[in-house]
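Undergrad: One structure coming up, written as structure tokens, with questions to follow.
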Amino acid sequence: MVSSVNAHASILAPQEHNVSMRIDLHCHSGVSDGTDSPAELIVAAAAAELDAVAITDHDTFAGVAEAKAAGRVHGVEVLGGIEITCESGGVTVHLLGYGADPDHTGLAEALRVVRQGRDERVPRIVAALDAAGVGVTLDDVLDQARPGTTLGRPHVADALVANGEVSDRQQAFDRWLDVGRPGYIGHEKIDLASGIALVRAAGGVAVLAHPWGRESRTVLTVRAIAELARAGLDGLEVDHQLHDAQTRSELRRVALAYDLIVTGGSDYHGTGKVNHDLGCNLTTEAGYRMILRRVGSGRA
Ligand code: AMP
Ligand code: FE
Ligand code: FE
Ligand code: ZN
């Protein structure tokens, strides 16, 4: 009896395995701090044998149309998304929004304010670095990004690399730009609960990005996640490079307990981040389908 069940399973399992989609729901392009254009990102995704990706640039949907057009050419499904810089208890929390309408007035206005705050922050970072004896100008930073890009610390890091001050982005963060370092300046963020509400109001699906990576771990307690789930949070990005194996299994349990969708993504930034290759973390097809159903459902 047991062996006949196993025989049955062995007929189905390999086939199921072969047809499973490879889905990466966290990727950046050059409209924020990635180094590939949106179209190049999709070419790289096809080369990495991904079937579906979400483009999730920081605080902007500017790359979505180009990525979708490239997706049609290269046979990669593209889910439009965003990674919104939010704040909870004074700490930065990143929120992924899938399938949200970029033209939703409330969401668009909130994102405009965040991007403006980012632009205004760059000269302050430059001044802070100058005070610490590091020579870099505003123009040096702006040279690292095309107009319209969501500006951030990675562009300052690139300017420091170009000046020969540091050898790579990571060294720039470790020495100068990380929280607590001389060049660290915060910026305008969206309250996390408001961010979730805005993503939902815009018809999107709200997922906490790397909830237990970096400082967000301190505020996203199990209790806080439970409360956010009641307030409309859809999912948790469990499989992310900032989470070790134990963190992933604990987060998976939290997701199960509060009926949250589990996702995974590479947080690819092109050459801007090592150890974040496309497809290094994946979302299951079941999770992806659940997100697509919610995007299409018109719930708000
Ligand atoms: P910003 O939004 O301008 O504060 O910059 C945040 C971005 O910088 C993140 O999206 C990451 O890509 C990168 N980043 C943040 N912290 C670090 C860190 N400690 N080491 C390397 N990259 C980081
Ligand atoms: Fe980034
Ligand atoms: Fe992030
Ligand atoms: Zn990201």
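Chain lettering (A, B, ...) mirrors the order of the structure tokens, residue numbering begins at 1 for each chain separately, and ligand numbering begins at 1 in order of display.
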Any chance you could list, as a PyMOL selection string, the residues in region 205-256 of chain A that come up helix (DSSP H, G or I) when DSSP is run on the backbone?
TA: chain A and resi 216-219+222-230+245-256
Undergrad: Kindly compile the residues surrounding ligand 3 within 10 Å, counting only C-alpha atoms and all ligand atoms, and format them as JSON, numbers by chain.
TA: {"A": [26, 27, 28, 56, 57, 58, 83, 84, 85, 92, 93, 94, 95, 96, 208, 209, 210, 211, 213, 214, 240, 242, 267]}
Undergrad: For ligand 1, list the contacting residues at 9 Å or closer, counting only C-alpha atoms and all ligand atoms, as a PyMOL selection string.
TA: chain A and resi 28+32-34+57-59+83+85+92+94+118+121-122+150-157+169-174+177-179+184-187+214+267+269+272-273
Undergrad: Measuring atom to atom with only C-alpha atoms, identify which of A:Glu87, A:Gly265, A:Val76, A:Pro123 is nearest to Asp277 (chain A).
TA: A:Gly265
Undergrad: Determine, counting only C-alpha atoms, which protein, DNA and RNA residues have an atom within 12 Å of an atom of Gly133 (chain A); residues of the same chain fewer than 2 positions away are not included. Present the result as a count of residues only.
TA: 12
Undergrad: Pick out the closest residue to ligand 2 from this set: A:Gly296, A:Gly270, A:Gly279, A:Gly97. Count only C-alpha atoms and all ligand atoms.
TA: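 For ligand 2, the nearest of the candidates is A:Gly270.
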Undergrad: Between CA of Val78 (chain A) and CA of Ala54 (chain A), what is the distance, to one decimal in Å?
TA: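 Spanning CA of Val78 (chain A) to CA of Ala54 (chain A) is a straight-line distance of 5.6 Å.
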Undergrad: Using only C-alpha atoms and all ligand atoms, pick whichever of A:His276, A:Glu250, A:Gly235, A:Gly63 has the shortest atom-to-atom distance to ligand 2.
TA: A:His276
Undergrad: Taking the DSSP assignment computed from this structure's backbone, write out as a count of residues only all residues of region 64-276 of chain A that belong to strand (DSSP E or B).
TA: 38
Undergrad: Hey, what's within 10 Å of Ser194 (chain A) if we count only C-alpha atoms and toss same-chain stuff fewer than 2 positions away? As a PyMOL selection string, please?
TA: chain A and resi 86-87+107+110+190-192+196-200+231
Undergrad: Can you write out the residues you just picked, keeping N, CA, C and O atoms, as a PDB file, in the first residue's frame?
TA:
ATOM      1  N   CYS A  86       9.056  53.362   4.304  1.00  0.00           N
ATOM      2  CA  CYS A  86       8.108  53.669   5.373  1.00  0.00           C
ATOM      3  C   CYS A  86       8.861  53.806   6.689  1.00  0.00           C
ATOM      4  O   CYS A  86      10.072  53.584   6.779  1.00  0.00           O
ATOM      5  N   GLU A  87       8.099  54.148   7.708  1.00  0.00           N
ATOM      6  CA  GLU A  87       8.694  54.407   9.016  1.00  0.00           C
ATOM      7  C   GLU A  87       7.729  53.908  10.086  1.00  0.00           C
ATOM      8  O   GLU A  87       6.517  54.047   9.965  1.00  0.00           O
ATOM      9  N   LEU A 107      -1.627  57.839  -3.240  1.00  0.00           N
ATOM     10  CA  LEU A 107      -0.337  57.141  -3.277  1.00  0.00           C
ATOM     11  C   LEU A 107       0.686  57.975  -4.046  1.00  0.00           C
ATOM     12  O   LEU A 107       1.822  58.165  -3.583  1.00  0.00           O
ATOM     13  N   ALA A 110       1.859  60.941  -1.962  1.00  0.00           N
ATOM     14  CA  ALA A 110       2.741  60.532  -0.854  1.00  0.00           C
ATOM     15  C   ALA A 110       4.138  60.191  -1.381  1.00  0.00           C
ATOM     16  O   ALA A 110       5.153  60.553  -0.776  1.00  0.00           O
ATOM     17  N   ILE A 190       6.979  57.418   4.785  1.00  0.00           N
ATOM     18  CA  ILE A 190       5.527  57.297   4.960  1.00  0.00           C
ATOM     19  C   ILE A 190       5.279  56.406   6.175  1.00  0.00           C
ATOM     20  O   ILE A 190       5.909  55.356   6.310  1.00  0.00           O
ATOM     21  N   ASP A 191       4.388  56.837   7.041  1.00  0.00           N
ATOM     22  CA  ASP A 191       4.024  56.005   8.177  1.00  0.00           C
ATOM     23  C   ASP A 191       3.600  54.619   7.657  1.00  0.00           C
ATOM     24  O   ASP A 191       2.841  54.519   6.685  1.00  0.00           O
ATOM     25  N   LEU A 192       4.088  53.558   8.294  1.00  0.00           N
ATOM     26  CA  LEU A 192       3.899  52.202   7.755  1.00  0.00           C
ATOM     27  C   LEU A 192       2.425  51.835   7.576  1.00  0.00           C
ATOM     28  O   LEU A 192       2.031  51.315   6.524  1.00  0.00           O
ATOM     29  N   ILE A 196       0.561  50.947   3.986  1.00  0.00           N
ATOM     30  CA  ILE A 196      -0.225  49.736   3.684  1.00  0.00           C
ATOM     31  C   ILE A 196      -1.614  50.140   3.182  1.00  0.00           C
ATOM     32  O   ILE A 196      -2.106  49.618   2.178  1.00  0.00           O
ATOM     33  N   ALA A 197      -2.217  51.100   3.872  1.00  0.00           N
ATOM     34  CA  ALA A 197      -3.558  51.554   3.474  1.00  0.00           C
ATOM     35  C   ALA A 197      -3.536  52.155   2.067  1.00  0.00           C
ATOM     36  O   ALA A 197      -4.452  51.912   1.265  1.00  0.00           O
ATOM     37  N   LEU A 198      -2.476  52.917   1.746  1.00  0.00           N
ATOM     38  CA  LEU A 198      -2.385  53.536   0.416  1.00  0.00           C
ATOM     39  C   LEU A 198      -2.211  52.474  -0.677  1.00  0.00           C
ATOM     40  O   LEU A 198      -2.837  52.556  -1.737  1.00  0.00           O
ATOM     41  N   VAL A 199      -1.354  51.492  -0.421  1.00  0.00           N
ATOM     42  CA  VAL A 199      -1.154  50.414  -1.411  1.00  0.00           C
ATOM     43  C   VAL A 199      -2.481  49.699  -1.658  1.00  0.00           C
ATOM     44  O   VAL A 199      -2.878  49.465  -2.808  1.00  0.00           O
ATOM     45  N   ARG A 200      -3.182  49.399  -0.565  1.00  0.00           N
ATOM     46  CA  ARG A 200      -4.481  48.710  -0.703  1.00  0.00           C
ATOM     47  C   ARG A 200      -5.500  49.589  -1.424  1.00  0.00           C
ATOM     48  O   ARG A 200      -6.244  49.110  -2.283  1.00  0.00           O
ATOM     49  N   ALA A 231      -4.784  45.017   9.940  1.00  0.00           N
ATOM     50  CA  ALA A 231      -5.000  46.321   9.284  1.00  0.00           C
ATOM     51  C   ALA A 231      -4.854  46.250   7.761  1.00  0.00           C
ATOM     52  O   ALA A 231      -4.909  47.279   7.091  1.00  0.00           O
TER      53      ALA A 231
END
